[in-house]
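Text of input-v5.csv, listed as CSV, C-alpha atoms:
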chain,number,residue,atom,x,y,z
J,1,MET,CA,-9.7,147.5,117.8
J,2,ASN,CA,-6.7,148.2,115.5
J,3,GLY,CA,-4.2,148.7,118.3
J,4,TRP,CA,-6.2,151.4,120.1
J,5,VAL,CA,-4.5,152.4,123.4
J,6,PRO,CA,-6.6,154.1,126.1
J,7,PRO,CA,-5.3,157.6,127.0
J,8,ALA,CA,-2.7,157.6,129.8
J,9,THR,CA,-3.9,158.8,133.2
J,10,VAL,CA,-1.9,161.8,134.4
J,11,ALA,CA,-1.5,163.6,137.7
J,12,VAL,CA,0.3,166.9,138.5
J,13,ILE,CA,2.1,167.2,141.8
J,14,GLY,CA,2.8,170.9,142.5
J,15,ALA,CA,-0.3,172.3,140.7
J,16,ASN,CA,0.1,176.0,141.7
J,17,GLY,CA,3.0,178.3,140.7
J,18,HIS,CA,4.9,176.9,137.7
J,19,GLY,CA,2.4,174.0,137.9
J,20,HIS,CA,-0.1,176.3,136.1
J,21,TRP,CA,2.2,176.2,133.0
J,22,HIS,CA,1.9,172.4,132.9
J,23,ARG,CA,-1.8,172.6,133.5
J,24,ARG,CA,-2.2,174.9,130.5
J,25,LEU,CA,-0.4,172.4,128.3
J,26,ILE,CA,-2.4,169.5,129.7
J,27,ALA,CA,-5.8,171.1,129.3
J,28,PRO,CA,-6.2,170.8,125.5
J,29,LEU,CA,-4.7,167.3,125.6
J,30,HIS,CA,-7.3,166.3,128.2
J,31,ALA,CA,-10.1,167.9,126.2
J,32,GLU,CA,-9.0,166.1,123.0
J,33,GLY,CA,-8.9,162.7,124.9
J,34,ARG,CA,-5.1,162.3,124.3
J,35,LEU,CA,-4.6,161.9,128.1
J,36,ARG,CA,-6.9,161.8,131.1
J,37,LEU,CA,-6.0,164.2,133.9
J,38,VAL,CA,-7.0,162.4,137.1
J,39,ALA,CA,-5.5,164.4,140.0
J,40,LEU,CA,-3.9,167.6,141.1
J,41,VAL,CA,-1.8,167.9,144.2
J,42,ASP,CA,-0.6,170.9,146.1
J,43,VAL,CA,0.0,171.8,149.8
J,44,ALA,CA,-1.8,175.1,149.2
J,45,PRO,CA,-5.4,175.2,147.9
J,46,VAL,CA,-5.4,174.5,144.1
J,47,ARG,CA,-6.5,177.6,142.3
J,48,ASP,CA,-8.7,177.3,139.2
J,49,GLU,CA,-7.4,179.3,136.3
J,50,ARG,CA,-9.0,180.5,133.1
J,51,GLU,CA,-6.8,178.6,130.7
J,52,ALA,CA,-6.6,175.5,132.9
J,53,PRO,CA,-9.7,175.0,135.0
J,54,VAL,CA,-9.9,171.9,137.1
J,55,PRO,CA,-11.9,169.5,134.9
J,56,PRO,CA,-14.9,167.7,136.3
J,57,GLY,CA,-14.0,164.4,137.9
J,58,VAL,CA,-10.4,165.5,138.7
J,59,ASP,CA,-9.5,164.8,142.4
J,60,VAL,CA,-7.5,167.4,144.3
J,61,PHE,CA,-5.2,166.3,147.1
J,62,THR,CA,-2.8,168.0,149.5
J,63,ASP,CA,-0.6,164.8,150.0
J,64,HIS,CA,1.0,163.1,147.0
J,65,ARG,CA,1.1,159.7,148.7
J,66,ALA,CA,-2.6,159.8,149.2
J,67,MET,CA,-3.1,160.7,145.6
J,68,LEU,CA,-0.9,157.9,144.3
J,69,ALA,CA,-2.7,155.3,146.4
J,70,ALA,CA,-6.2,156.6,145.4
J,71,THR,CA,-5.7,157.2,141.6
J,72,ARG,CA,-2.7,155.2,140.5
J,73,PRO,CA,-1.7,157.5,137.7
J,74,GLU,CA,0.4,156.2,134.8
J,75,VAL,CA,2.2,159.5,134.3
J,76,VAL,CA,3.1,162.0,137.1
J,77,VAL,CA,4.2,165.6,136.4
J,78,ILE,CA,6.4,166.7,139.3
J,79,CYS,CA,6.6,170.5,139.6
J,80,THR,CA,7.5,171.0,143.2
J,81,PRO,CA,10.6,172.8,144.7
J,82,PRO,CA,13.8,171.2,143.4
J,83,HIS,CA,14.9,169.9,146.9
J,84,THR,CA,11.7,167.8,147.1
J,85,HIS,CA,12.0,166.1,143.7
J,86,LEU,CA,13.8,162.9,144.7
J,87,PRO,CA,11.5,161.7,147.5
J,88,ILE,CA,8.4,162.5,145.5
J,89,ALA,CA,9.9,160.9,142.3
J,90,ARG,CA,10.8,157.8,144.3
J,91,ASP,CA,7.2,157.5,145.6
J,92,ALA,CA,5.7,158.0,142.1
J,93,VAL,CA,8.0,155.4,140.5
J,94,ALA,CA,7.3,152.9,143.3
J,95,ALA,CA,3.6,153.4,142.5
J,96,GLY,CA,4.2,152.4,138.9
J,97,ALA,CA,4.3,155.9,137.2
J,98,ASP,CA,6.5,157.3,134.5
J,99,LEU,CA,7.7,160.9,135.2
J,100,LEU,CA,7.8,164.3,133.7
J,101,LEU,CA,10.2,165.9,136.2
J,102,GLU,CA,10.7,169.6,136.3
J,103,LYS,CA,14.3,170.9,136.0
J,104,PRO,CA,16.7,170.8,137.8
J,105,PRO,CA,15.7,167.1,138.2
J,106,VAL,CA,17.9,166.4,141.2
J,107,LEU,CA,20.6,168.4,143.0
J,108,SER,CA,23.5,165.9,143.2
J,109,LEU,CA,25.0,163.0,141.4
J,110,ALA,CA,24.2,160.8,144.4
J,111,GLU,CA,20.5,161.7,143.9
J,112,HIS,CA,20.9,161.1,140.2
J,113,HIS,CA,22.3,157.6,140.7
J,114,GLU,CA,19.5,156.9,143.2
J,115,LEU,CA,16.7,157.9,140.9
J,116,SER,CA,18.4,156.1,138.0
J,117,ASP,CA,18.5,152.9,140.0
J,118,ALA,CA,14.8,153.3,141.1
J,119,LEU,CA,13.7,153.8,137.5
J,120,ALA,CA,15.7,150.8,136.3
J,121,ALA,CA,14.3,148.6,139.1
J,122,ALA,CA,10.7,149.6,138.4
J,123,GLY,CA,11.0,149.6,134.6
J,124,ARG,CA,9.9,153.2,134.4
J,125,VAL,CA,11.2,156.3,132.7
J,126,ALA,CA,11.7,160.0,133.6
J,127,GLN,CA,11.6,162.9,131.1
J,128,VAL,CA,13.2,166.0,132.5
J,129,GLY,CA,11.6,169.4,131.9
J,130,PHE,CA,14.2,170.9,129.6
J,131,GLN,CA,11.6,171.8,127.1
J,132,ALA,CA,14.0,173.8,124.9
J,133,LEU,CA,15.7,170.5,123.9
J,134,GLY,CA,12.5,169.8,121.9
J,135,SER,CA,13.1,172.8,119.7
J,136,ALA,CA,13.3,172.5,115.9
J,137,ALA,CA,15.8,175.4,116.0
J,138,LEU,CA,18.2,173.4,118.2
J,139,THR,CA,17.9,170.5,115.7
J,140,ALA,CA,18.6,172.9,112.8
J,141,LEU,CA,21.7,174.1,114.6
J,142,THR,CA,23.0,170.7,115.4
J,143,ASP,CA,22.3,169.6,111.7
J,144,ALA,CA,24.4,172.6,110.6
J,145,LEU,CA,27.2,171.4,112.8
J,146,ALA,CA,27.0,167.9,111.5
J,147,THR,CA,27.3,169.1,107.8
J,148,GLY,CA,30.3,171.3,108.6
J,149,ARG,CA,28.8,174.7,108.1
J,150,LEU,CA,30.8,176.2,110.9
J,151,GLY,CA,34.0,174.2,110.2
J,152,THR,CA,35.7,173.0,113.4
J,153,VAL,CA,33.9,174.3,116.4
J,154,THR,CA,36.2,176.4,118.7
J,155,GLY,CA,33.7,177.8,121.2
J,156,ILE,CA,30.2,177.4,122.7
J,157,ALA,CA,28.9,180.2,124.9
J,158,THR,CA,25.6,181.5,126.2
J,159,VAL,CA,24.6,185.0,127.3
J,160,ALA,CA,21.3,185.8,129.1
J,161,ALA,CA,20.3,188.9,131.0
J,162,TRP,CA,17.1,189.3,132.8
J,163,GLN,CA,15.8,191.3,135.8
J,164,ARG,CA,13.9,190.0,138.8
J,165,PRO,CA,12.2,192.2,141.4
J,166,ASP,CA,12.6,191.7,145.2
J,167,ALA,CA,9.2,189.9,145.1
J,168,TYR,CA,10.9,187.0,143.1
J,169,TYR,CA,13.1,186.3,146.1
J,170,ALA,CA,10.1,186.4,148.5
J,171,ARG,CA,8.0,184.0,146.4
J,172,SER,CA,8.7,181.0,148.6
J,173,ALA,CA,10.7,179.8,151.6
J,174,TRP,CA,13.3,178.3,149.3
J,175,ALA,CA,13.7,181.2,146.9
J,176,GLY,CA,17.3,182.4,146.7
J,177,ARG,CA,18.4,179.9,149.2
J,178,ARG,CA,21.5,177.6,149.2
J,179,THR,CA,20.0,175.2,151.7
J,180,LEU,CA,16.7,174.8,153.6
J,181,ASP,CA,16.2,172.7,156.6
J,182,GLY,CA,19.6,171.2,156.1
J,183,ARG,CA,18.9,170.1,152.5
J,184,PRO,CA,20.6,171.7,149.4
J,185,VAL,CA,18.3,174.0,147.4
J,186,LEU,CA,20.8,175.8,145.1
J,187,ASP,CA,18.1,178.2,143.8
J,188,GLY,CA,20.8,180.3,142.0
J,189,ALA,CA,20.8,181.7,138.5
J,190,LEU,CA,22.7,178.8,137.0
J,191,ALA,CA,20.6,176.0,138.6
J,192,ASN,CA,17.2,177.4,138.0
J,193,PRO,CA,16.3,180.3,135.7
J,194,PHE,CA,19.3,179.8,133.3
J,195,ALA,CA,19.3,176.0,133.5
J,196,HIS,CA,17.9,176.0,130.0
J,197,ALA,CA,20.8,178.1,128.7
J,198,VAL,CA,23.4,175.7,130.2
J,199,MET,CA,21.5,172.7,129.0
J,200,GLN,CA,21.4,174.0,125.4
J,201,CYS,CA,25.1,174.5,125.5
J,202,LEU,CA,25.5,170.9,126.7
J,203,ALA,CA,23.3,169.7,123.9
J,204,VAL,CA,25.6,171.4,121.4
J,205,ALA,CA,28.6,169.8,123.0
J,206,GLU,CA,26.7,166.5,122.9
J,207,ALA,CA,26.0,166.9,119.2
J,208,LEU,CA,29.7,167.5,118.5
J,209,GLY,CA,30.9,164.5,120.5
J,210,GLY,CA,28.0,162.1,119.8
J,211,ALA,CA,27.3,161.4,123.5
J,212,PRO,CA,26.4,163.5,126.6
J,213,PRO,CA,29.6,165.4,127.3
J,214,TRP,CA,31.2,164.6,130.7
J,215,PRO,CA,32.6,167.7,132.4
J,216,VAL,CA,36.0,167.3,133.9
J,217,ALA,CA,36.5,170.7,135.4
J,218,ILE,CA,34.6,173.9,136.2
J,219,GLU,CA,35.7,177.5,136.9
J,220,VAL,CA,33.0,179.8,138.1
J,221,GLU,CA,32.6,183.4,139.4
J,222,ARG,CA,29.4,184.0,141.3
J,223,TYR,CA,28.0,187.4,142.3
J,224,ARG,CA,24.8,188.8,143.9
J,225,VAL,CA,23.3,192.3,144.2
J,226,ARG,CA,21.0,191.6,147.2
J,227,PRO,CA,21.1,189.7,150.5
J,228,ILE,CA,20.5,186.2,149.1
J,229,GLU,CA,22.5,183.0,149.6
J,230,VAL,CA,23.1,182.2,145.9
J,231,GLU,CA,24.2,184.0,142.8
J,232,ASP,CA,22.0,186.2,140.6
J,233,THR,CA,25.0,186.8,138.2
J,234,ALA,CA,27.5,184.2,137.2
J,235,VAL,CA,30.1,183.3,134.6
J,236,LEU,CA,30.8,179.5,134.4
J,237,ARG,CA,33.4,177.8,132.2
J,238,VAL,CA,33.1,174.1,131.8
J,239,ARG,CA,35.9,171.9,130.4
J,240,PHE,CA,35.4,168.5,128.9
J,241,ARG,CA,37.6,165.5,128.1
J,242,ALA,CA,37.5,166.5,124.5
J,243,GLY,CA,36.0,169.3,122.4
J,244,PRO,CA,35.6,173.1,123.2
J,245,ALA,CA,34.8,174.5,126.6
J,246,VAL,CA,31.4,175.9,127.3
J,247,LEU,CA,31.1,179.4,128.8
J,248,ALA,CA,27.8,180.5,130.4
J,249,ALA,CA,27.5,184.2,131.3
J,250,VAL,CA,24.2,185.1,132.9
J,251,THR,CA,22.5,187.6,135.2
J,252,MET,CA,19.1,188.4,136.7
J,253,ALA,CA,20.2,192.0,137.6
J,254,SER,CA,20.3,193.7,134.2
J,255,ALA,CA,18.6,196.9,133.0
J,256,GLN,CA,19.0,195.5,129.4
J,257,PHE,CA,17.1,192.4,128.4
J,258,VAL,CA,18.8,189.5,126.5
J,259,PRO,CA,16.4,186.6,126.3
J,260,GLY,CA,19.1,184.0,126.0
J,261,GLU,CA,21.5,183.4,123.2
J,262,VAL,CA,23.7,180.4,122.5
J,263,THR,CA,26.6,181.3,120.2
J,264,VAL,CA,28.6,178.5,118.5
J,265,THR,CA,31.9,179.7,116.9
J,266,GLY,CA,33.7,177.7,114.3
J,267,THR,CA,36.7,178.1,112.0
J,268,THR,CA,34.4,179.1,109.1
J,269,GLY,CA,31.5,180.9,110.8
J,270,GLN,CA,29.3,181.5,113.8
J,271,ALA,CA,25.7,180.5,114.6
J,272,VAL,CA,23.5,182.2,117.2
J,273,LEU,CA,20.4,180.4,118.7
J,274,GLU,CA,18.0,182.5,120.7
J,275,TYR,CA,16.7,179.5,122.6
J,276,PRO,CA,13.6,181.0,124.3
J,277,THR,CA,12.2,182.3,121.0
J,278,ASP,CA,13.6,179.6,118.6
J,279,ARG,CA,15.3,182.2,116.4
J,280,LEU,CA,18.4,181.0,114.7
J,281,ARG,CA,21.1,182.7,112.6
J,282,LEU,CA,23.5,180.4,110.7
J,283,PRO,CA,26.6,181.4,108.7
J,284,GLY,CA,25.5,183.2,105.6
J,285,ASP,CA,22.1,184.2,107.0
J,286,ALA,CA,21.4,188.0,106.7
J,287,ALA,CA,19.3,187.9,109.8
J,288,PRO,CA,18.0,185.5,112.5
J,289,ARG,CA,15.0,183.4,111.3
J,290,ASP,CA,12.2,181.9,113.3
J,291,VAL,CA,12.4,178.1,113.3
J,292,SER,CA,9.0,177.1,114.5
J,293,GLY,CA,8.0,173.7,115.9
J,294,ARG,CA,8.7,172.4,119.3
J,295,GLN,CA,8.0,168.9,120.4
J,296,GLY,CA,6.2,169.0,123.7
J,297,LEU,CA,7.9,166.9,126.4
J,298,LEU,CA,4.6,165.5,127.7
J,299,GLU,CA,3.4,164.5,124.2
J,300,ASN,CA,6.8,162.9,123.6
J,301,LEU,CA,6.7,160.9,126.8
J,302,LEU,CA,3.1,159.7,126.0
J,303,ALA,CA,4.3,158.6,122.5
J,304,HIS,CA,7.4,156.9,124.0
J,305,ARG,CA,5.2,154.9,126.4
J,306,ILE,CA,3.2,153.5,123.4
J,307,ASP,CA,6.3,152.9,121.2
J,308,PRO,CA,9.5,152.9,123.3
J,309,ALA,CA,11.7,151.7,120.5
J,310,GLY,CA,10.3,154.0,117.8
J,311,VAL,CA,10.0,157.2,119.8
J,312,PRO,CA,13.1,158.1,122.0
J,313,LEU,CA,12.6,160.5,124.9
J,314,ILE,CA,13.8,164.0,124.2
J,315,ALA,CA,15.2,164.6,127.7
J,316,PRO,CA,15.7,161.3,129.5
J,317,LEU,CA,17.3,161.5,132.9
J,318,SER,CA,20.5,160.1,131.6
J,319,ARG,CA,20.9,163.0,129.1
J,320,THR,CA,20.8,165.5,132.0
J,321,ALA,CA,23.6,163.8,134.1
J,322,PRO,CA,26.3,166.3,132.9
J,323,PHE,CA,24.0,169.2,134.1
J,324,THR,CA,23.6,167.6,137.5
J,325,ALA,CA,27.4,167.1,137.6
J,326,LEU,CA,27.8,170.9,137.3
J,327,LEU,CA,25.3,171.5,140.1
J,328,ASP,CA,27.3,168.9,142.2
J,329,ALA,CA,30.5,170.9,141.6
J,330,LEU,CA,28.8,174.2,142.4
J,331,ARG,CA,27.6,173.0,145.8
J,332,SER,CA,30.9,173.5,147.4
J,333,ALA,CA,31.7,176.9,145.8
J,334,PRO,CA,32.0,179.8,148.3
J,335,GLU,CA,29.3,182.3,148.9
J,336,PRO,CA,28.7,184.6,145.9
J,337,ARG,CA,30.4,188.0,146.3
J,338,LEU,CA,27.9,190.9,147.2
J,339,LEU,CA,28.1,193.8,144.8
J,340,ASP,CA,26.5,197.0,146.0
J,341,GLY,CA,27.2,200.7,146.4
J,342,ASP,CA,28.0,202.6,143.2
J,343,LEU,CA,28.1,199.3,141.2
J,344,VAL,CA,24.3,198.9,141.5
J,345,ASP,CA,21.3,201.1,140.5
J,346,VAL,CA,18.2,200.5,142.6
J,347,VAL,CA,14.9,201.3,140.8
J,348,GLY,CA,11.4,201.3,142.3
J,349,ASP,CA,10.4,200.2,145.8
J,350,GLY,CA,8.6,197.5,147.7
J,351,ASP,CA,8.0,194.2,146.0
J,352,GLU,CA,8.7,195.7,142.6
J,353,ARG,CA,12.1,197.1,143.4
J,354,VAL,CA,14.8,195.9,141.0
J,355,ARG,CA,18.6,196.2,141.2
J,356,HIS,CA,20.7,196.6,138.1
J,357,LEU,CA,24.4,195.8,138.0
J,358,ARG,CA,25.9,198.6,135.9
J,359,GLY,CA,27.3,197.6,132.6
J,360,VAL,CA,26.7,193.9,133.3
J,361,VAL,CA,25.6,193.0,129.7
J,362,GLU,CA,28.8,194.4,128.2
J,363,VAL,CA,30.9,192.4,130.7
J,364,LEU,CA,28.9,189.2,130.0
J,365,ARG,CA,29.2,189.6,126.2
J,366,ARG,CA,33.0,190.2,126.5
J,367,CYS,CA,33.3,187.0,128.6
J,368,ALA,CA,31.3,185.0,126.0
J,369,GLU,CA,33.2,186.4,123.0
J,370,ARG,CA,36.6,185.6,124.6
J,371,GLY,CA,35.7,182.5,126.5
J,372,SER,CA,37.0,184.3,129.6
J,373,LEU,CA,35.9,185.0,133.2
J,374,PRO,CA,35.4,188.5,134.5
J,375,SER,CA,38.5,188.3,136.7
J,376,GLU,CA,40.6,187.3,133.6
J,377,LEU,CA,39.4,190.4,131.8
J,378,GLY,CA,40.3,192.7,134.7
J,379,VAL,CA,36.7,193.7,135.5
J,380,SER,CA,36.9,196.0,138.6
J,381,TRP,CA,34.4,194.1,140.7
J,382,ALA,CA,35.5,190.6,139.9
J,383,VAL,CA,37.0,188.1,142.3
J,384,PRO,CA,39.2,185.1,141.4
J,385,ALA,CA,37.3,182.1,140.1
J,386,TYR,CA,36.4,179.0,142.1
J,387,ARG,CA,37.8,175.9,140.4
J,388,ALA,CA,36.9,172.3,140.8
J,389,ASP,CA,37.8,169.1,139.2
J,390,LEU,CA,35.0,166.6,138.6
J,391,THR,CA,36.3,163.1,139.3
J,392,ASP,CA,33.0,161.1,139.4
J,393,GLN,CA,32.4,159.0,136.3
J,394,PRO,CA,29.3,159.5,134.3
J,395,PRO,CA,26.3,157.3,135.4
J,396,ASP,CA,26.3,154.1,133.4
J,397,HIS,CA,22.5,153.8,133.2
J,398,HIS,CA,20.8,154.6,129.9
J,399,HIS,CA,17.1,154.8,130.0
Starting from the coordinates I provided, produce the structure as C-alpha cells.
Amino acid sequence: MNGWVPPATVAVIGANGHGHWHRRLIAPLHAEGRLRLVALVDVAPVRDEREAPVPPGVDVFTDHRAMLAATRPEVVVICTPPHTHLPIARDAVAAGADLLLEKPPVLSLAEHHELSDALAAAGRVAQVGFQALGSAALTALTDALATGRLGTVTGIATVAAWQRPDAYYARSAWAGRRTLDGRPVLDGALANPFAHAVMQCLAVAEALGGAPPWPVAIEVERYRVRPIEVEDTAVLRVRFRAGPAVLAAVTMASAQFVPGEVTVTGTTGQAVLEYPTDRLRLPGDAAPRDVSGRQGLLENLLAHRIDPAGVPLIAPLSRTAPFTALLDALRSAPEPRLLDGDLVDVVGDGDERVRHLRGVVEVLRRCAERGSLPSELGVSWAVPAYRADLTDQPPDHHH
C-alpha cells in the first residue's frame, strides 16, 4: 500500500454565510479525493451554491451534535458566530475531531485555556482561521527582518479602511453587538473584520522575538458612526515586555478604501505588506511586488494530521493566545464614542446606506506613522484612551 492514507472525513458547522467561503475551498479538494466532505450543518436551510454544490452523499443537519454522532468526522470546520465557538468546539473535540476554527477562535483567555485543555486531553489540534498567516508575502517579510534588511525594528503598524452599509449590521442578531443573551460577542472592527490586520502585526512581533509576543498593556480609542454597541473605527496600541509596540488604526466608515497595510519601520528602512493581496514592498524596492503562494489552512491541517512532526500547523490555537489576550482586555473598555453630525457624511439610503467619517484615513495614517493615538495628535473628535494592563500569563500549552 506504500503508506497510503485514506482521505480525512470533513464536516462544516455553519455552512451558510461565511461557511460558503469554506465550502468553495473544500469543493475541489473533495472532487480530487484529498478529503471527503461528509456533512454540512446549519440552523437555516443549507443553500446550494454554484461553486460549492452539496455533493451527493453529503448529509445535511440542523444540529451539530446529531451530525457528530451520525458521521464521526475526523476534521470539523467551525464557522458559526464567535460566541458559539467554544461549546461547539468542545463537542467536536469530544467526538474525536481536529478543528479548523474560524477567527476569533474564542472571546476570552478563560475560554482559550478551556479549549486548550480539552484539546490536550483528547490529543486533538485546532487550526485557527487566520489564513493570511499562510501567506508567502508574510514569510518574505519576516525573512527580510531576520537578515537585517530593516536594521533594528522601531515600529509595527497597520492601517485599513473599509466601508460597510447598514445591511452589514442587520445581517444577524449578533452583528454589531457587544453581548447577546448575556454572552460576550464583541463584533467590533478589531475583533472581527480587522482581526487579520492585528494578527499580521502580532506575527511580525513574533518573528522579531522568536515566540508569540505577550501583550503587557493596551491603549485604545474606539468610535462608531451608527447606533451599534461596538466600534467601527479604532486605534489600538499594544505594548509588549520587549520589542516595539504595535499600533492598529482601522475603520469601516471610510469613503477611501485601504485594503490593509502592515508597515514595519526600522533604522535602515521600511517594509509595507498589503496583507489581503499579498503585495510587499521591501527597502530598495521601486514598487510593491506580488508575492504569490498561500498555504491553505485546511490543506496544512490535513498534512499535519498525516505527519505531525514534519508539518507544523500554520495557526495553532497557542499562536493566537496574544490575540485573545487583546480581546480579553477590550471586553472591559467603555462604550465607543458616537461620532455624528458634521463629522459624518451619509450616502445612499435603506440597506445600502453608508456613513463616512470625514478625513478618517488621514487621521489613521498619521496615527500609524507616529505610533500615536488620535487624542495624542489633538484630533478634534478624539476622546482620551482606555488603558489596561494585562496581568494574566500566557497559556503554557503548546499544541
*atom CA of J:Asn192 to atom CA of J:Asp349: how many Å, to one decimal?*
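Separation of atom CA of J:Asn192 and atom CA of J:Asp349: 25.0 Å.
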Ranking J:Pro384, J:Pro56, J:Gly155, J:Gly19 by minimum distance to J:Val204 and counting all atoms listed in the file, which one comes first?
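For J:Val204, the nearest of the given residues is J:Gly155.
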So how far away is atom CA of J:Val77 from atom CA of J:Gly33, in Å?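 Result for atom CA of J:Gly33 versus atom CA of J:Val77: 17.7 Å, one decimal.
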Env of stretch 215-221 of chain J: 7 Å cut, atoms = all atoms listed in the file, seq-sep filter 3 positions within chain, self excluded. Answer as a compact mmCIF listing (two decimals) with C-alpha atoms, in the frame of the given file.
# COMPACT_ATOMS: atom_id res chain seq x y z
CA ALA J 234 27.50 184.20 137.20
CA VAL J 235 30.10 183.30 134.60
CA LEU J 236 30.80 179.50 134.40
CA ARG J 237 33.40 177.80 132.20
CA VAL J 238 33.10 174.10 131.80
CA ARG J 239 35.90 171.90 130.40
CA PHE J 240 35.40 168.50 128.90
CA ARG J 241 37.60 165.50 128.10
CA PRO J 322 26.30 166.30 132.90
CA ALA J 385 37.30 182.10 140.10
CA TYR J 386 36.40 179.00 142.10
CA ARG J 387 37.80 175.90 140.40
CA ALA J 388 36.90 172.30 140.80
CA ASP J 389 37.80 169.10 139.20
CA LEU J 390 35.00 166.60 138.60
CA THR J 391 36.30 163.10 139.30
Quiz prompt | For stretch 359-372 of chain J: contacts at 8 Å, all atoms listed in the file, fewer than 6 positions along chain excluded, given as a PyMOL selection string | solution = chain J and resi 155+157-159+161+235+237+246-251+254+256+379
Report as a VMD selection string all protein, DNA and RNA residues lying within 10 Å of J:Ala97, evaluated on all atoms listed in the file, omitting residues in the same chain fewer than 4 positions from it. chain J and resid 9 to 11 68 72 to 77 89 to 93 119 122 to 126
Proximity to J:Gly260 - best of J:Gly151, J:Pro276, J:Gly96, J:Gly57, only C-alpha atoms
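Distance minimum relative to J:Gly260 lands on J:Pro276.
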- Of the candidates J:Val128, J:Ala39, J:Val354, J:Val383, which one gets nearest to J:Tyr169 if we count all atoms listed in the file?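 Using all atoms listed in the file, J:Tyr169 sits closest to J:Val354.
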